[in-house]
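Q: Contents of target.cif (mmCIF, C-alpha atoms and all ligand atoms) are given next:
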```cif
data_data
#
loop_
_atom_site.label_atom_id
_atom_site.label_comp_id
_atom_site.auth_asym_id
_atom_site.auth_seq_id
_atom_site.Cartn_x
_atom_site.Cartn_y
_atom_site.Cartn_z
CA MET D 1 102.86 124.91 118.01
CA SER D 2 102.62 125.75 114.29
CA ASN D 3 103.61 129.33 113.54
CA SER D 4 101.57 129.83 110.35
CA ASN D 5 99.17 128.34 107.81
CA TRP D 6 100.25 126.36 104.77
CA PRO D 7 100.40 128.76 101.77
CA PRO D 8 96.98 129.03 100.00
CA ALA D 9 98.26 127.36 96.78
CA ILE D 10 99.29 124.24 98.73
CA ARG D 11 96.02 124.18 100.68
CA VAL D 12 93.96 124.35 97.46
CA GLN D 13 96.11 121.62 95.85
CA HIS D 14 95.84 119.42 98.99
CA TRP D 15 92.03 119.57 99.29
CA LEU D 16 91.51 119.27 95.51
CA THR D 17 93.70 116.13 95.57
CA VAL D 18 91.54 114.74 98.41
CA LEU D 19 88.37 115.28 96.34
CA LEU D 20 89.86 113.73 93.18
CA VAL D 21 91.34 110.72 95.04
CA VAL D 22 88.00 109.99 96.77
CA MET D 23 86.16 110.17 93.40
CA CYS D 24 88.87 108.14 91.61
CA ILE D 25 88.73 105.29 94.15
CA GLY D 26 84.92 105.57 94.35
CA ALA D 27 84.72 105.11 90.56
CA VAL D 28 86.91 101.97 90.46
CA TRP D 29 85.18 100.40 93.46
CA SER D 30 81.65 101.10 92.17
CA HIS D 31 82.35 99.74 88.66
CA GLU D 32 82.37 96.24 90.24
CA ALA D 33 78.66 96.64 91.05
CA PHE D 34 77.74 96.63 87.35
CA ASP D 35 77.55 93.66 85.06
CA LYS D 36 80.13 93.44 82.21
CA SER D 37 77.29 93.95 79.68
CA ASN D 38 76.25 97.23 81.35
CA PRO D 39 77.96 100.27 79.67
CA VAL D 40 78.07 102.10 83.04
CA ARG D 41 80.85 99.70 84.13
CA ALA D 42 83.17 100.83 81.30
CA GLN D 43 82.15 104.49 81.80
CA LEU D 44 83.11 104.32 85.49
CA MET D 45 86.50 102.88 84.50
CA GLN D 46 86.98 105.71 81.95
CA LEU D 47 86.18 108.14 84.78
CA HIS D 48 88.77 106.36 86.94
CA PHE D 49 91.42 106.79 84.19
CA LEU D 50 90.53 110.47 83.73
CA LEU D 51 90.54 111.30 87.45
CA GLY D 52 93.69 109.22 88.00
CA GLY D 53 95.56 111.03 85.21
CA SER D 54 94.40 114.41 86.57
CA ILE D 55 95.72 113.46 90.03
CA GLY D 56 99.12 112.63 88.49
CA LEU D 57 99.30 116.02 86.72
CA LEU D 58 98.11 117.86 89.84
CA THR D 59 100.75 116.07 91.93
CA VAL D 60 103.54 117.14 89.54
CA LEU D 61 102.25 120.74 89.78
CA ARG D 62 102.05 120.43 93.57
CA LEU D 63 105.62 119.11 93.86
CA ALA D 64 106.81 122.04 91.73
CA THR D 65 104.90 124.46 94.01
CA ARG D 66 106.34 122.70 97.08
CA GLY D 67 109.83 123.32 95.67
CA LEU D 68 109.13 127.05 95.75
CA VAL D 69 107.37 127.45 99.12
CA ASN D 70 107.88 126.16 102.65
CA GLY D 71 105.31 124.70 105.02
CA PRO D 72 104.72 125.92 108.59
CA ALA D 73 107.19 124.93 111.32
CA HIS D 74 105.55 122.51 113.79
CA SER D 75 107.18 121.84 117.14
CA MET D 76 107.29 118.03 117.45
CA ALA D 77 109.81 115.35 118.51
CA PRO D 78 112.44 114.77 115.76
CA VAL D 79 111.39 111.11 115.35
CA VAL D 80 107.72 112.11 114.84
CA ALA D 81 108.75 114.79 112.33
CA LEU D 82 110.83 112.18 110.48
CA LEU D 83 107.91 109.70 110.39
CA ALA D 84 105.57 112.43 109.10
CA LYS D 85 108.06 113.35 106.38
CA ALA D 86 108.46 109.68 105.34
CA GLY D 87 104.67 109.29 105.20
CA HIS D 88 104.26 112.42 103.05
CA LEU D 89 107.05 111.28 100.71
CA GLY D 90 105.32 107.89 100.39
CA LEU D 91 102.02 109.61 99.50
CA TYR D 92 103.68 111.78 96.83
CA LEU D 93 105.51 108.76 95.38
CA LEU D 94 102.29 106.72 95.15
CA LEU D 95 100.36 109.64 93.61
CA VAL D 96 102.96 109.78 90.79
CA LEU D 97 103.52 106.01 90.35
CA LEU D 98 99.83 105.01 90.35
CA PRO D 99 98.81 106.92 87.18
CA VAL D 100 101.96 105.74 85.35
CA CYS D 101 101.35 102.07 86.24
CA GLY D 102 97.64 102.46 85.49
CA TYR D 103 98.42 103.79 82.00
CA VAL D 104 100.91 100.99 81.27
CA GLY D 105 98.39 98.46 82.67
CA VAL D 106 95.50 99.52 80.41
CA SER D 107 97.79 99.81 77.35
CA GLY D 108 97.89 95.98 77.28
CA LYS D 109 94.39 95.95 75.79
CA GLY D 110 95.62 98.17 72.92
CA LEU D 111 92.66 100.55 73.39
CA PRO D 112 92.96 104.37 73.56
CA ILE D 113 91.85 106.28 76.69
CA ASP D 114 88.84 108.45 75.85
CA LEU D 115 88.95 112.05 77.11
CA LEU D 116 85.21 112.81 77.37
CA GLY D 117 84.81 112.26 73.62
CA LEU D 118 86.99 115.34 72.91
CA ALA D 119 90.29 113.55 72.35
CA SER D 120 91.93 110.25 73.15
CA ILE D 121 95.30 109.09 74.48
CA PRO D 122 96.84 106.24 72.42
CA PRO D 123 97.99 103.06 74.20
CA LEU D 124 101.70 102.62 74.97
CA PRO D 125 103.51 99.95 72.91
CA VAL D 126 103.84 97.35 75.70
CA SER D 127 103.44 93.57 75.56
CA ALA D 128 100.38 91.92 77.12
CA GLU D 129 102.63 90.21 79.76
CA THR D 130 104.24 93.50 80.84
CA ALA D 131 100.82 95.20 81.00
CA LYS D 132 99.46 92.32 83.12
CA TRP D 133 102.08 92.50 85.89
CA VAL D 134 102.13 96.31 85.87
CA LYS D 135 98.31 96.31 86.28
CA GLU D 136 98.69 93.95 89.26
CA LEU D 137 101.38 96.26 90.67
CA HIS D 138 98.96 99.18 90.18
CA GLU D 139 96.28 97.38 92.19
CA ASP D 140 98.75 96.62 95.02
CA LEU D 141 99.97 100.24 95.03
CA GLY D 142 96.32 101.42 95.07
CA ASN D 143 95.72 99.36 98.21
CA ALA D 144 99.00 100.61 99.74
CA LEU D 145 97.81 104.20 99.13
CA ILE D 146 94.51 103.48 100.90
CA ALA D 147 96.40 102.04 103.92
CA LEU D 148 98.82 105.00 104.05
CA LEU D 149 95.89 107.44 103.75
CA ALA D 150 94.15 105.78 106.69
CA ILE D 151 97.29 106.39 108.81
CA HIS D 152 97.62 109.96 107.42
CA VAL D 153 94.01 110.91 108.26
CA ALA D 154 94.22 109.22 111.69
CA ALA D 155 97.43 111.20 112.42
CA ALA D 156 95.78 114.49 111.35
CA LEU D 157 92.78 113.80 113.59
CA PHE D 158 95.07 112.72 116.48
CA HIS D 159 96.83 116.11 116.24
CA ALA D 160 93.52 117.98 116.25
CA VAL D 161 91.56 116.00 118.85
CA VAL D 162 94.16 114.54 121.25
CA LEU D 163 97.23 116.80 120.99
CA LYS D 164 95.03 119.85 120.27
CA ASP D 165 97.86 121.48 118.27
CA ARG D 166 97.62 123.47 115.04
CA VAL D 167 98.81 120.89 112.49
CA LEU D 168 95.33 120.34 110.99
CA ALA D 169 94.44 124.03 111.45
CA SER D 170 97.49 124.96 109.34
CA MET D 171 96.14 122.89 106.40
CA LEU D 172 92.64 124.34 106.89
CA GLY D 173 93.97 127.93 106.96
CA ARG D 174 92.73 128.43 110.53
CA VAL D 175 95.96 129.36 112.36
CA ASP D 176 95.64 132.80 114.04
CA ARG D 177 91.92 133.09 113.42
C1 LIG G 1 96.40 108.42 91.63
C2 LIG G 1 95.66 107.83 90.69
C3 LIG G 1 95.05 106.46 90.84
C4 LIG G 1 94.64 105.81 91.97
C5 LIG G 1 94.66 106.31 93.41
C6 LIG G 1 94.15 104.50 91.57
C7 LIG G 1 93.66 103.55 92.43
C8 LIG G 1 93.18 102.32 92.06
C9 LIG G 1 92.60 101.34 92.97
C10 LIG G 1 92.45 101.52 94.48
C11 LIG G 1 92.27 100.25 92.24
C12 LIG G 1 91.60 98.96 92.74
C13 LIG G 1 92.62 97.98 93.23
C14 LIG G 1 92.01 96.62 93.58
O1 LIG G 1 90.99 96.24 92.98
O2 LIG G 1 92.57 95.97 94.46
C15 LIG G 1 92.62 100.53 90.85
C16 LIG G 1 92.41 99.66 89.79
C17 LIG G 1 92.68 99.97 88.48
N1 LIG G 1 93.16 101.16 88.00
FE1 LIG G 1 93.69 102.78 89.07
N2 LIG G 1 94.27 104.38 90.21
C18 LIG G 1 94.80 105.56 89.72
C19 LIG G 1 95.07 105.87 88.40
C20 LIG G 1 94.80 105.06 87.32
C21 LIG G 1 95.04 105.38 85.93
C22 LIG G 1 95.57 106.74 85.43
C23 LIG G 1 94.67 104.29 85.20
C24 LIG G 1 94.71 104.08 83.70
C25 LIG G 1 94.97 105.00 82.80
C26 LIG G 1 94.21 103.28 86.11
C27 LIG G 1 93.77 102.01 85.76
C28 LIG G 1 93.30 101.04 86.62
C29 LIG G 1 92.86 99.72 86.21
C30 LIG G 1 92.82 99.18 84.78
C31 LIG G 1 92.46 99.05 87.38
C32 LIG G 1 91.94 97.60 87.50
C33 LIG G 1 90.44 97.60 87.55
C34 LIG G 1 89.89 96.17 87.57
O3 LIG G 1 90.21 95.44 86.65
O4 LIG G 1 89.18 95.83 88.53
N3 LIG G 1 94.30 103.78 87.40
N4 LIG G 1 93.16 101.80 90.78
C1 LIG G 2 93.31 111.65 99.40
C2 LIG G 2 93.58 112.04 100.59
C3 LIG G 2 94.84 112.79 101.00
C4 LIG G 2 96.06 112.89 100.40
C5 LIG G 2 96.52 112.24 99.09
C6 LIG G 2 96.89 113.72 101.24
C7 LIG G 2 98.22 114.04 100.99
C8 LIG G 2 99.01 114.84 101.78
C9 LIG G 2 100.41 115.13 101.55
C10 LIG G 2 101.24 114.56 100.40
C11 LIG G 2 100.82 115.99 102.52
C12 LIG G 2 102.24 116.54 102.69
C13 LIG G 2 102.31 118.02 102.41
C14 LIG G 2 103.76 118.44 102.21
O1 LIG G 2 104.56 118.34 103.14
O2 LIG G 2 104.08 118.85 101.08
C15 LIG G 2 99.68 116.25 103.37
C16 LIG G 2 99.68 117.07 104.46
C17 LIG G 2 98.62 117.17 105.35
N1 LIG G 2 97.40 116.53 105.28
FE1 LIG G 2 96.77 115.33 103.81
N2 LIG G 2 96.16 114.10 102.34
C18 LIG G 2 94.89 113.55 102.23
C19 LIG G 2 93.84 113.68 103.09
C20 LIG G 2 93.87 114.40 104.26
C21 LIG G 2 92.75 114.54 105.18
C22 LIG G 2 91.36 113.90 104.99
C23 LIG G 2 93.20 115.31 106.21
C24 LIG G 2 92.48 115.74 107.45
C25 LIG G 2 91.66 114.98 108.15
C26 LIG G 2 94.58 115.68 105.91
C27 LIG G 2 95.37 116.49 106.69
C28 LIG G 2 96.65 116.90 106.37
C29 LIG G 2 97.42 117.83 107.19
C30 LIG G 2 96.98 118.47 108.49
C31 LIG G 2 98.65 118.00 106.55
C32 LIG G 2 99.83 118.90 107.00
C33 LIG G 2 100.82 118.10 107.80
C34 LIG G 2 101.98 118.98 108.25
O3 LIG G 2 101.84 120.22 108.27
O4 LIG G 2 103.03 118.42 108.59
N3 LIG G 2 94.96 115.10 104.73
N4 LIG G 2 98.60 115.52 102.90
#
```
As structure tokens, what does this structure read like?
A:
Amino acid sequence: MSNSNWPPAIRVQHWLTVLLVVMCIGAVWSHEAFDKSNPVRAQLMQLHFLLGGSIGLLTVLRLATRGLVNGPAHSMAPVVALLAKAGHLGLYLLLVLLPVCGYVGVSGKGLPIDLLGLASIPPLPVSAETAKWVKELHEDLGNALIALLAIHVAAALFHAVVLKDRVLASMLGRVDR
């Protein structure tokens, strides 16, 4: 059984990341529904860039916080604990790599990224060929993240519903309530 909750800072960062990732993927998926001549299509992509960049920054902050605090101790078989750790590492890696590849990918068009009309981020000096394959890599990594998240959420629900332990409760702040 878990002995304590995750520290509040990690819980806030975890659930904020969930919200931003859902909106970020929602934006890129829904842009497809609009015709190229419709400005909403480009606006949804700008939203995707903005949310994606914010997720990258939040993940760096979260990794720094994680370096300072420990999570709760769960009693589980060593092999399960190892698999969970590998899955979490994979999620962190993708949350850092995706914004970087996304930025390199869009730099190929030579256009700046608009920050809500307040400022803009200039494109990186990369060739069109480099930007093309990095954009394709970004799309593959995006799909890999979705697959890993499906496993992650299924595992969290398995703990809560089947094993009835406190793994999910520790991320919800419900241990010892
Ligand atoms: C953690 C942050 C991010 C996630 C989870 C994410 C996820 C995704 C996903 C799932 C796709 C669709 C893949 C497909 O169609 O198969 C995608 C496409 C794309 N993303 Fe991201 N992305 C992130 C950050 C960014 C950033 C920061 C940028 C640019 C600054 C960016 C630029 C793009 C572009 C240009 C596409 C291709 C859209 C198209 O042509 O259909 N992404 N992303
Ligand atoms: C965008 C979606 C999500 C992302 C990117 C994400 C990412 C992560 C990461 C990276 C960790 C590792 C924490 C660490 O060891 O530092 C984690 C832990 C956890 N996540 Fe998520 N998560 C997402 C959605 C969810 C959802 C929807 C649930 C619940 C249904 C959930 C439940 C948990 C639980 C219970 C833990 C703690 C596991 C443990 O204590 O070993 N996550 N998450």
Q: Hey, could you make a per-residue contact list for chain D against ligand LIG 1 (chain G) with 8 Å as the cut-off, showing the nearest pair of atoms and its distance in Å to one decimal, counting only C-alpha atoms and all ligand atoms, sorted by chain and number, as a tab-separated table?
A:
```
residue	atom	partner	partner_atom	distance
D:Val21	CA	G:LIG1	C5	5.8
D:Cys24	CA	G:LIG1	C4	6.2
D:Ile25	CA	G:LIG1	C10	5.3
D:Val28	CA	G:LIG1	C15	5.9
D:Trp29	CA	G:LIG1	C12	6.6
D:His31	CA	G:LIG1	O4	7.9
D:Glu32	CA	G:LIG1	O4	7.0
D:Met45	CA	G:LIG1	C33	7.3
D:His48	CA	G:LIG1	N3	6.1
D:Phe49	CA	G:LIG1	C25	4.2
D:Leu50	CA	G:LIG1	C22	6.5
D:Leu51	CA	G:LIG1	C2	7.0
D:Gly52	CA	G:LIG1	C2	3.6
D:Gly53	CA	G:LIG1	C22	4.3
D:Ser54	CA	G:LIG1	C22	7.8
D:Ile55	CA	G:LIG1	C1	5.3
D:Gly56	CA	G:LIG1	C1	5.9
D:Leu94	CA	G:LIG1	C1	7.1
D:Leu95	CA	G:LIG1	C1	4.6
D:Val96	CA	G:LIG1	C1	6.8
D:Leu97	CA	G:LIG1	C1	7.6
D:Leu98	CA	G:LIG1	C1	5.0
D:Pro99	CA	G:LIG1	C22	3.7
D:Val100	CA	G:LIG1	C22	6.5
D:Cys101	CA	G:LIG1	C23	7.1
D:Gly102	CA	G:LIG1	C23	3.5
D:Tyr103	CA	G:LIG1	C25	3.7
D:Val104	CA	G:LIG1	C25	7.3
D:Gly105	CA	G:LIG1	C30	6.0
D:Val106	CA	G:LIG1	C30	5.1
D:Ile113	CA	G:LIG1	C25	7.0
D:Lys135	CA	G:LIG1	C30	6.4
D:Glu136	CA	G:LIG1	C32	7.9
D:His138	CA	G:LIG1	N4	6.4
D:Glu139	CA	G:LIG1	C13	3.9
D:Asp140	CA	G:LIG1	O2	6.2
D:Leu141	CA	G:LIG1	C7	7.6
D:Gly142	CA	G:LIG1	C10	3.9
D:Asn143	CA	G:LIG1	C10	5.4
D:Leu145	CA	G:LIG1	C5	6.9
D:Ile146	CA	G:LIG1	C10	7.0
```
Q: Using all atoms listed in the file, find each residue of chain D with at least one atom at most 8 Å away from an atom of ligand LIG 2 (chain G); report its shortest atom-to-atom pair and that distance in Å (one decimal), sort the rows by chain and rising residue number, and return the result as a tab-separated table.
A:
```
residue	atom	partner	partner_atom	distance
D:Trp6	CA	G:LIG2	O3	7.2
D:Ile10	CA	G:LIG2	O2	7.6
D:His14	CA	G:LIG2	N4	6.2
D:Trp15	CA	G:LIG2	C19	7.2
D:Thr17	CA	G:LIG2	C1	5.9
D:Val18	CA	G:LIG2	C1	3.7
D:Leu19	CA	G:LIG2	C1	6.9
D:Leu20	CA	G:LIG2	C1	7.4
D:Val21	CA	G:LIG2	C1	4.9
D:Val22	CA	G:LIG2	C1	6.2
D:Arg62	CA	G:LIG2	O2	7.9
D:Leu63	CA	G:LIG2	O2	7.4
D:Arg66	CA	G:LIG2	O2	6.0
D:Gly71	CA	G:LIG2	O3	6.5
D:Pro72	CA	G:LIG2	O3	6.4
D:Ala73	CA	G:LIG2	O3	7.8
D:His74	CA	G:LIG2	O3	7.0
D:Ala81	CA	G:LIG2	O4	7.7
D:Ala84	CA	G:LIG2	O4	6.5
D:Lys85	CA	G:LIG2	O1	6.9
D:Gly87	CA	G:LIG2	C10	7.9
D:His88	CA	G:LIG2	C10	4.6
D:Leu89	CA	G:LIG2	C10	6.7
D:Gly90	CA	G:LIG2	C10	7.8
D:Leu91	CA	G:LIG2	C10	5.1
D:Tyr92	CA	G:LIG2	C10	5.1
D:Leu95	CA	G:LIG2	C5	7.2
D:Leu149	CA	G:LIG2	C2	6.0
D:His152	CA	G:LIG2	N3	6.4
D:Val153	CA	G:LIG2	C25	4.7
D:Ala154	CA	G:LIG2	C25	7.2
D:Ala156	CA	G:LIG2	C30	5.0
D:Leu157	CA	G:LIG2	C25	5.7
D:Val167	CA	G:LIG2	C30	5.0
D:Leu168	CA	G:LIG2	C30	3.5
D:Ala169	CA	G:LIG2	C30	6.8
D:Ser170	CA	G:LIG2	O3	6.5
D:Met171	CA	G:LIG2	C30	5.0
D:Leu172	CA	G:LIG2	C30	7.5
```
Q: Those same residues, written as a tab-separated table (two decimals), in the frame of the given file with C-alpha atoms?
A:
```
chain	number	residue	atom	x	y	z
D	6	TRP	CA	100.25	126.36	104.77
D	10	ILE	CA	99.29	124.24	98.73
D	14	HIS	CA	95.84	119.42	98.99
D	15	TRP	CA	92.03	119.57	99.29
D	17	THR	CA	93.70	116.13	95.57
D	18	VAL	CA	91.54	114.74	98.41
D	19	LEU	CA	88.37	115.28	96.34
D	20	LEU	CA	89.86	113.73	93.18
D	21	VAL	CA	91.34	110.72	95.04
D	22	VAL	CA	88.00	109.99	96.77
D	62	ARG	CA	102.05	120.43	93.57
D	63	LEU	CA	105.62	119.11	93.86
D	66	ARG	CA	106.34	122.70	97.08
D	71	GLY	CA	105.31	124.70	105.02
D	72	PRO	CA	104.72	125.92	108.59
D	73	ALA	CA	107.19	124.93	111.32
D	74	HIS	CA	105.55	122.51	113.79
D	81	ALA	CA	108.75	114.79	112.33
D	84	ALA	CA	105.57	112.43	109.10
D	85	LYS	CA	108.06	113.35	106.38
D	87	GLY	CA	104.67	109.29	105.20
D	88	HIS	CA	104.26	112.42	103.05
D	89	LEU	CA	107.05	111.28	100.71
D	90	GLY	CA	105.32	107.89	100.39
D	91	LEU	CA	102.02	109.61	99.50
D	92	TYR	CA	103.68	111.78	96.83
D	95	LEU	CA	100.36	109.64	93.61
D	149	LEU	CA	95.89	107.44	103.75
D	152	HIS	CA	97.62	109.96	107.42
D	153	VAL	CA	94.01	110.91	108.26
D	154	ALA	CA	94.22	109.22	111.69
D	156	ALA	CA	95.78	114.49	111.35
D	157	LEU	CA	92.78	113.80	113.59
D	167	VAL	CA	98.81	120.89	112.49
D	168	LEU	CA	95.33	120.34	110.99
D	169	ALA	CA	94.44	124.03	111.45
D	170	SER	CA	97.49	124.96	109.34
D	171	MET	CA	96.14	122.89	106.40
D	172	LEU	CA	92.64	124.34	106.89
```
Q: Quick one: of D:Ala144, D:Ala42, D:Gly108, D:Leu58, who's nearest to D:Glu129, counting all atoms listed in the file?
A: D:Gly108
Q: Take the point (95.9, 124.6, 118.7) as written in the file and pick out every residue within 12 Å of it, counting all atoms listed in the file; give the list as a PyMOL selection string.
A: chain D and resi 1-5+74-75+159-170+174-177
Q: Rounded to one decimal in Å, what is the spacing between atom CA of D:Gly110 and atom CA of D:Pro123?
A: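 Computed distance, atom CA of D:Gly110 to atom CA of D:Pro123, equals 5.6 Å.
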Q: State, in Å with one decimal place, the distance from atom CA of D:Gln43 to atom CA of D:Ala147.
A: 26.4 Å
Q: Could you check how far atom CA of D:Leu111 sits from atom CA of D:Trp133, in Å to one decimal?
A: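 Separation between atom CA of D:Leu111 and atom CA of D:Trp133: 17.6 Å.
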Q: With all atoms of stretch 12-16 of chain D from the file as input, state the centre and edge lengths in Å to one decimal of the axis-aligned box that has 3 Å extra on each side, as JSON.
A:
```
{"center_x": 93.8, "center_y": 121.8, "center_z": 97.4, "size_x": 10.6, "size_y": 11.1, "size_z": 9.8}
```
Q: In the coordinate frame of the file, compute which residues have an atom within 6 Å of (83.6, 105.7, 89.3) when using all atoms listed in the file, and state them as a VMD selection string.
A: chain D and resid 26 to 28 30 44 47 to 48
